[in-house]
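This is final.tsv (TSV, C-alpha atoms).
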```
chain	number	residue	atom	x	y	z
A	1	MET	CA	-22.26	-1.36	0.41
A	2	PHE	CA	-18.83	0.07	-0.42
A	3	THR	CA	-17.26	1.88	-3.38
A	4	GLY	CA	-13.82	0.29	-3.57
A	5	ILE	CA	-12.13	3.61	-2.76
A	6	VAL	CA	-9.73	2.68	0.05
A	7	GLU	CA	-9.80	5.21	2.89
A	8	GLU	CA	-6.82	4.03	4.84
A	9	LEU	CA	-3.93	1.59	4.86
A	10	GLY	CA	-4.38	-0.22	8.18
A	11	GLU	CA	-2.33	-2.81	10.01
A	12	ILE	CA	-3.14	-6.15	11.62
A	13	VAL	CA	-2.01	-5.82	15.25
A	14	ALA	CA	-3.20	-9.18	16.60
A	15	ILE	CA	-4.89	-12.40	15.54
A	16	GLU	CA	-6.65	-14.50	18.16
A	17	THR	CA	-7.70	-18.01	17.16
A	18	ALA	CA	-11.00	-19.28	18.53
A	19	GLY	CA	-11.64	-22.80	17.26
A	20	ASP	CA	-12.27	-22.57	13.51
A	21	SER	CA	-12.56	-18.78	13.51
A	22	VAL	CA	-10.28	-15.86	14.35
A	23	ARG	CA	-10.63	-12.42	15.86
A	24	LEU	CA	-8.64	-9.79	13.97
A	25	ALA	CA	-7.45	-6.65	15.72
A	26	VAL	CA	-6.84	-3.95	13.12
A	27	ARG	CA	-5.29	-0.51	13.57
A	28	GLY	CA	-7.14	2.09	11.51
A	29	PRO	CA	-7.23	5.56	13.12
A	30	LEU	CA	-9.46	7.02	10.40
A	31	VAL	CA	-12.03	4.25	10.05
A	32	VAL	CA	-12.53	3.87	13.81
A	33	GLN	CA	-13.45	7.54	14.27
A	34	ASP	CA	-17.15	6.77	13.96
A	35	ALA	CA	-17.04	2.97	14.39
A	36	VAL	CA	-19.33	1.36	16.94
A	37	HIS	CA	-20.18	-2.23	17.82
A	38	GLY	CA	-22.05	-3.68	14.82
A	39	ALA	CA	-20.60	-1.27	12.24
A	40	SER	CA	-19.19	-2.63	8.98
A	41	ILE	CA	-15.64	-2.07	7.76
A	42	ALA	CA	-14.16	-3.67	4.65
A	43	VAL	CA	-10.76	-5.26	5.27
A	44	ASN	CA	-8.99	-6.12	2.00
A	45	GLY	CA	-12.41	-6.11	0.38
A	46	VAL	CA	-14.12	-8.34	2.96
A	47	CYS	CA	-17.04	-6.79	4.83
A	48	LEU	CA	-16.46	-7.43	8.54
A	49	THR	CA	-18.55	-6.49	11.57
A	50	VAL	CA	-16.90	-4.46	14.31
A	51	VAL	CA	-17.21	-6.21	17.69
A	52	GLU	CA	-14.97	-3.90	19.72
A	53	VAL	CA	-13.20	-0.54	19.42
A	54	LYS	CA	-10.25	0.46	21.62
A	55	GLY	CA	-8.49	3.67	20.65
A	56	GLU	CA	-7.23	3.34	17.08
A	57	VAL	CA	-7.91	-0.42	16.93
A	58	PHE	CA	-11.08	-2.31	16.07
A	59	ALA	CA	-11.73	-6.03	16.39
A	60	ALA	CA	-13.78	-8.22	14.05
A	61	ASP	CA	-14.59	-11.92	14.11
A	62	VAL	CA	-13.83	-13.90	10.95
A	63	ILE	CA	-15.62	-17.23	10.62
A	64	LYS	CA	-14.39	-20.37	8.85
A	65	GLU	CA	-16.45	-19.67	5.70
A	66	THR	CA	-14.73	-16.31	5.26
A	67	LEU	CA	-11.30	-17.74	6.07
A	68	ASP	CA	-11.85	-20.49	3.47
A	69	LYS	CA	-13.15	-18.17	0.72
A	70	SER	CA	-10.80	-15.19	1.13
A	71	SER	CA	-7.15	-14.42	1.74
A	72	LEU	CA	-7.79	-13.16	5.29
A	73	GLY	CA	-6.58	-16.48	6.72
A	74	ALA	CA	-3.10	-15.76	5.33
A	75	LEU	CA	-2.74	-12.48	7.25
A	76	GLU	CA	-0.19	-12.17	10.05
A	77	PRO	CA	0.40	-9.45	12.64
A	78	GLY	CA	2.12	-6.49	10.99
A	79	ALA	CA	0.41	-7.08	7.64
A	80	LYS	CA	-0.93	-3.98	5.89
A	81	VAL	CA	-4.61	-4.07	4.89
A	82	ASN	CA	-6.93	-1.87	2.84
A	83	LEU	CA	-9.72	-0.35	4.94
A	84	GLU	CA	-12.98	1.26	3.86
A	85	ARG	CA	-16.14	2.25	5.71
A	86	PRO	CA	-19.53	1.71	4.02
A	87	VAL	CA	-20.80	4.36	1.66
A	88	ARG	CA	-23.54	6.70	2.92
A	89	LEU	CA	-26.45	7.50	0.62
A	90	SER	CA	-25.27	11.13	0.52
A	91	ASP	CA	-21.71	10.20	-0.60
A	92	ARG	CA	-20.35	10.32	-4.12
A	93	LEU	CA	-19.84	6.93	-5.71
A	94	GLY	CA	-16.18	7.26	-6.67
A	95	GLY	CA	-15.50	3.63	-7.59
A	96	HIS	CA	-18.31	1.19	-8.31
A	97	LEU	CA	-20.87	-0.71	-6.23
A	98	VAL	CA	-18.95	-3.14	-4.02
A	99	GLN	CA	-20.62	-5.51	-1.55
A	100	GLY	CA	-17.60	-6.72	0.38
A	101	HIS	CA	-18.49	-10.32	-0.56
A	102	VAL	CA	-15.46	-12.08	-2.02
A	103	ASP	CA	-16.14	-14.16	-5.15
A	104	GLY	CA	-12.73	-15.82	-5.23
A	105	VAL	CA	-9.05	-15.53	-4.46
A	106	GLY	CA	-6.56	-14.74	-7.22
A	107	ARG	CA	-2.79	-14.33	-7.21
A	108	ILE	CA	-0.52	-11.63	-8.55
A	109	VAL	CA	1.03	-13.15	-11.69
A	110	SER	CA	3.26	-10.28	-12.79
A	111	ARG	CA	4.01	-6.57	-12.44
A	112	GLU	CA	5.21	-4.43	-15.35
A	113	PRO	CA	6.39	-1.01	-14.17
A	114	GLY	CA	5.64	2.00	-16.33
A	115	GLU	CA	6.92	5.55	-15.93
A	116	ARG	CA	4.50	6.32	-13.10
A	117	TRP	CA	2.22	3.28	-12.96
A	118	ASP	CA	2.32	-0.51	-12.91
A	119	VAL	CA	0.38	-2.93	-15.07
A	120	VAL	CA	-0.44	-5.90	-12.87
A	121	THR	CA	-1.72	-9.26	-14.10
A	122	VAL	CA	-3.85	-11.26	-11.66
A	123	SER	CA	-4.94	-14.89	-11.95
A	124	MET	CA	-8.55	-15.70	-11.14
A	125	PRO	CA	-10.77	-18.76	-10.83
A	126	PRO	CA	-11.90	-19.47	-14.43
A	127	GLU	CA	-15.59	-19.40	-13.43
A	128	LEU	CA	-15.28	-15.65	-12.73
A	129	SER	CA	-14.09	-14.78	-16.24
A	130	ARG	CA	-17.65	-14.50	-17.60
A	131	TYR	CA	-18.19	-11.44	-15.37
A	132	LEU	CA	-15.15	-9.51	-16.64
A	133	VAL	CA	-14.91	-7.36	-19.74
A	134	ASP	CA	-12.23	-5.00	-20.98
A	135	LYS	CA	-12.80	-1.59	-19.34
A	136	GLY	CA	-15.23	-3.15	-16.84
A	137	SER	CA	-14.92	-3.02	-13.05
A	138	ILE	CA	-13.30	-5.47	-10.63
A	139	THR	CA	-12.44	-5.19	-6.95
A	140	VAL	CA	-8.99	-6.46	-5.95
A	141	ASP	CA	-8.34	-6.55	-2.19
A	142	GLY	CA	-11.12	-3.99	-1.81
A	143	VAL	CA	-9.76	-1.61	-4.47
A	144	SER	CA	-12.10	-0.63	-7.31
A	145	LEU	CA	-10.16	-1.03	-10.55
A	146	THR	CA	-10.78	-0.90	-14.28
A	147	VAL	CA	-9.93	-4.06	-16.19
A	148	VAL	CA	-7.37	-3.42	-18.93
A	149	GLU	CA	-7.61	-6.86	-20.49
A	150	ALA	CA	-9.87	-9.76	-19.47
A	151	GLY	CA	-8.77	-13.33	-20.21
A	152	ALA	CA	-10.05	-16.83	-19.47
A	153	ASP	CA	-8.15	-17.24	-16.20
A	154	ARG	CA	-6.47	-13.88	-15.63
A	155	PHE	CA	-6.90	-10.16	-16.13
A	156	SER	CA	-4.73	-7.07	-16.05
A	157	VAL	CA	-5.19	-3.71	-14.36
A	158	ALA	CA	-3.16	-0.48	-14.47
A	159	LEU	CA	-2.32	0.97	-11.07
A	160	ILE	CA	-1.90	4.74	-10.91
A	161	PRO	CA	0.55	6.37	-8.46
A	162	THR	CA	-2.20	7.05	-5.89
A	163	THR	CA	-3.23	3.38	-5.84
A	164	LEU	CA	0.40	2.27	-5.58
A	165	ALA	CA	1.06	4.63	-2.66
A	166	LEU	CA	-2.17	4.34	-0.67
A	167	THR	CA	-3.18	0.65	-0.96
A	168	THR	CA	-1.65	-2.77	-0.42
A	169	LEU	CA	-1.52	-3.23	-4.19
A	170	GLY	CA	1.66	-1.14	-4.22
A	171	LEU	CA	3.25	-3.79	-1.98
A	172	LYS	CA	1.93	-7.03	-3.50
A	173	GLN	CA	4.38	-9.19	-5.42
A	174	PRO	CA	3.98	-12.15	-7.81
A	175	GLY	CA	2.52	-15.11	-5.93
A	176	ASP	CA	0.71	-13.00	-3.32
A	177	PRO	CA	-3.01	-13.82	-2.88
A	178	VAL	CA	-5.68	-11.16	-3.43
A	179	ASN	CA	-9.43	-11.11	-2.80
A	180	LEU	CA	-11.58	-10.67	-5.90
A	181	GLU	CA	-15.12	-9.36	-6.17
A	182	VAL	CA	-16.69	-9.10	-9.60
A	183	ASP	CA	-19.18	-6.39	-10.49
A	184	VAL	CA	-22.49	-7.34	-8.83
A	185	VAL	CA	-24.42	-5.80	-11.75
A	186	ALA	CA	-22.96	-8.48	-14.07
A	187	LYS	CA	-24.17	-11.22	-11.73
A	188	TYR	CA	-27.70	-9.79	-11.60
A	189	VAL	CA	-27.82	-9.45	-15.40
A	190	GLU	CA	-26.70	-13.06	-15.79
A	191	ARG	CA	-29.39	-14.22	-13.35
A	192	MET	CA	-32.14	-12.22	-15.05
A	193	LEU	CA	-31.19	-13.44	-18.51
A	194	GLY	CA	-30.91	-17.01	-17.24
A	195	ASP	CA	-34.41	-16.87	-15.76
A	196	ARG	CA	-35.86	-15.83	-19.14
A	197	SER	CA	-34.74	-18.92	-21.03
```

Whole structure given in structure tokens:
Amino acid sequence: MFTGIVEELGEIVAIETAGDSVRLAVRGPLVVQDAVHGASIAVNGVCLTVVEVKGEVFAADVIKETLDKSSLGALEPGAKVNLERPVRLSDRLGGHLVQGHVDGVGRIVSREPGERWDVVTVSMPPELSRYLVDKGSITVDGVSLTVVEAGADRFSVALIPTTLALTTLGLKQPGDPVNLEVDVVAKYVERMLGDRS
């Protein structure tokens, strides 16, 4: 479980193809400090399992299912990525409950700069719209954000200076893909209400 509060802006240092999967090597000096084989680290909002740690770099295997359902397959060496370690039960929950399970891939539609922030519109698969509400939570590339306006196939978020400076969302441009994870509470509520009828 994660919170969507990005700890570090990491970098893809190598991608090794192995059949229909890849092994990502990711530089993240902060997140590897206590990483061991089997630990979880979210990379752009995707929960990955650490298979190796060497210095400031960890490796994780990404299977075909994850490559097909996320934007990780579009990464290249040198790409910046959002990194977060799992939350501990003693930690404060600064964002919202995030599983690291991508629900769909959206694309940056537009960016409207403000004085110190940007309003960014993101497309989404229409089937995810039922889980979004104005002022609700969404995870975009692993970043916990508040929805400004929820539409049928897109939504907008306002990015504060900290988010612009410390996450990949400050770098993303129209057309760029982003991983989306809707609020898991909304999915559980839908399931419970569906089971009643």

- Leaving out stretch 97-104 of chain A and any residue of its chain fewer than 3 positions from it, which residues lie within 6 Å of it when counting all atoms listed in the file, given as a list in words?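 Counting all atoms listed in the file, the residues come to Met1, Phe2, Thr3, Gly45, Val46, Cys47, Leu180 and Glu181 of chain A.
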
- What's the 8 Å shell around stretch 121-123 of chain A, counting all atoms listed in the file, without same-chain residues fewer than 2 positions away, as number ranges by chain? A: 106-111, 119, 125, 153-157

Contact check, stretch 62-90 of chain A to stretch 172-175 of chain A, at most 12 Å, counting all atoms listed in the file, closest pairs as a tab-separated table:
```
residue	atom	partner	partner_atom	distance
A:Ala79	CA	A:Lys172	CA	11.2
A:Lys80	CA	A:Lys172	CA	10.3
A:Val81	CA	A:Lys172	CA	11.0
```

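Picture a line from atom CA of A:Asp34 to atom CA of A:Leu83; it runs 13.7 Å.
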
- Could you name the residues that touch A:Gly73 at 10 Å or less, counting only C-alpha atoms, but leaving out those on the same chain fewer than 3 positions away, as a list in words? Ile15, Ser21, Val22, Val62, Ile63, Lys64, Thr66, Leu67, Asp68, Lys69, Ser70 and Glu76 of chain A

Should you be able to, write stretch 50-141 of chain A of this structure into a file that contains C-alpha atoms, as a short mmCIF file (atom, residue, chain, number, x, y, z; two decimals), in the first residue's frame.
```cif
data_model
loop_
_atom_site.label_atom_id
_atom_site.label_comp_id
_atom_site.auth_asym_id
_atom_site.auth_seq_id
_atom_site.Cartn_x
_atom_site.Cartn_y
_atom_site.Cartn_z
CA VAL A 50 12.79 -5.48 -6.15
CA VAL A 51 14.87 -8.39 -7.48
CA GLU A 52 18.32 -6.84 -7.05
CA VAL A 53 20.00 -3.82 -5.43
CA LYS A 54 23.43 -2.53 -6.49
CA GLY A 55 24.48 0.77 -4.96
CA GLU A 56 21.90 3.41 -5.88
CA VAL A 57 20.17 1.18 -8.45
CA PHE A 58 17.46 -1.43 -8.02
CA ALA A 59 16.15 -3.87 -10.60
CA ALA A 60 12.56 -5.06 -11.03
CA ASP A 61 10.96 -7.46 -13.48
CA VAL A 62 7.94 -6.19 -15.42
CA ILE A 63 5.74 -8.87 -16.98
CA LYS A 64 3.67 -8.62 -20.17
CA GLU A 65 0.42 -7.95 -18.26
CA THR A 66 1.95 -4.89 -16.61
CA LEU A 67 3.56 -3.70 -19.84
CA ASP A 68 0.19 -4.02 -21.62
CA LYS A 69 -1.84 -2.25 -18.89
CA SER A 70 0.53 0.58 -17.95
CA SER A 71 2.84 3.10 -19.56
CA LEU A 72 5.99 1.35 -18.29
CA GLY A 73 6.52 -0.24 -21.71
CA ALA A 74 7.07 3.23 -23.20
CA LEU A 75 9.98 4.04 -20.86
CA GLU A 76 13.50 4.40 -22.24
CA PRO A 77 16.88 4.72 -20.52
CA GLY A 78 17.25 8.24 -19.15
CA ALA A 79 13.52 8.63 -18.47
CA LYS A 80 12.59 10.20 -15.14
CA VAL A 81 10.18 8.20 -12.96
CA ASN A 82 8.27 8.82 -9.74
CA LEU A 83 9.39 6.53 -6.90
CA GLU A 84 7.69 5.71 -3.62
CA ARG A 85 8.27 3.03 -0.99
CA PRO A 86 5.24 1.39 0.68
CA VAL A 87 3.67 3.12 3.64
CA ARG A 88 4.40 1.73 7.12
CA LEU A 89 1.54 1.40 9.59
CA SER A 90 3.22 4.04 11.77
CA ASP A 91 3.45 6.60 8.91
CA ARG A 92 1.11 9.51 8.31
CA LEU A 93 -1.20 9.06 5.35
CA GLY A 94 -0.35 12.23 3.43
CA GLY A 95 -2.12 11.41 0.16
CA HIS A 96 -4.75 8.69 -0.06
CA LEU A 97 -4.75 4.88 -0.10
CA VAL A 98 -2.95 3.79 -3.27
CA GLN A 99 -2.42 0.14 -4.22
CA GLY A 100 0.04 0.54 -7.08
CA HIS A 101 -2.39 -1.32 -9.37
CA VAL A 102 -2.96 0.67 -12.56
CA ASP A 103 -6.60 0.89 -13.70
CA GLY A 104 -5.83 2.43 -17.08
CA VAL A 105 -3.54 4.65 -19.10
CA GLY A 106 -4.53 8.23 -19.88
CA ARG A 107 -2.80 10.99 -21.83
CA ILE A 108 -2.03 14.58 -21.01
CA VAL A 109 -4.53 16.61 -23.05
CA SER A 110 -3.52 20.13 -22.07
CA ARG A 111 -1.60 22.28 -19.58
CA GLU A 112 -2.79 25.72 -18.51
CA PRO A 113 -0.10 27.56 -16.53
CA GLY A 114 -1.17 29.72 -13.61
CA GLU A 115 0.95 32.11 -11.57
CA ARG A 116 2.58 29.30 -9.59
CA TRP A 117 0.68 26.19 -10.64
CA ASP A 118 -0.57 24.37 -13.72
CA VAL A 119 -4.05 23.04 -14.40
CA VAL A 120 -3.59 19.82 -16.34
CA THR A 121 -6.34 17.97 -18.21
CA VAL A 122 -5.89 14.21 -18.60
CA SER A 123 -7.86 11.84 -20.83
CA MET A 124 -8.98 8.55 -19.32
CA PRO A 125 -10.72 5.37 -20.42
CA PRO A 126 -14.46 6.22 -20.18
CA GLU A 127 -15.15 3.20 -17.93
CA LEU A 128 -13.11 4.87 -15.16
CA SER A 129 -15.24 8.03 -15.07
CA ARG A 130 -17.78 6.49 -12.65
CA TYR A 131 -15.06 6.42 -9.97
CA LEU A 132 -14.17 10.12 -10.22
CA VAL A 133 -15.92 13.03 -8.55
CA ASP A 134 -15.00 16.68 -8.25
CA LYS A 135 -12.66 17.08 -5.24
CA GLY A 136 -12.14 13.30 -5.09
CA SER A 137 -8.79 11.51 -5.31
CA ILE A 138 -6.94 10.08 -8.32
CA THR A 139 -3.41 8.79 -8.73
CA VAL A 140 -1.57 9.97 -11.86
CA ASP A 141 1.82 8.31 -12.45
#
```
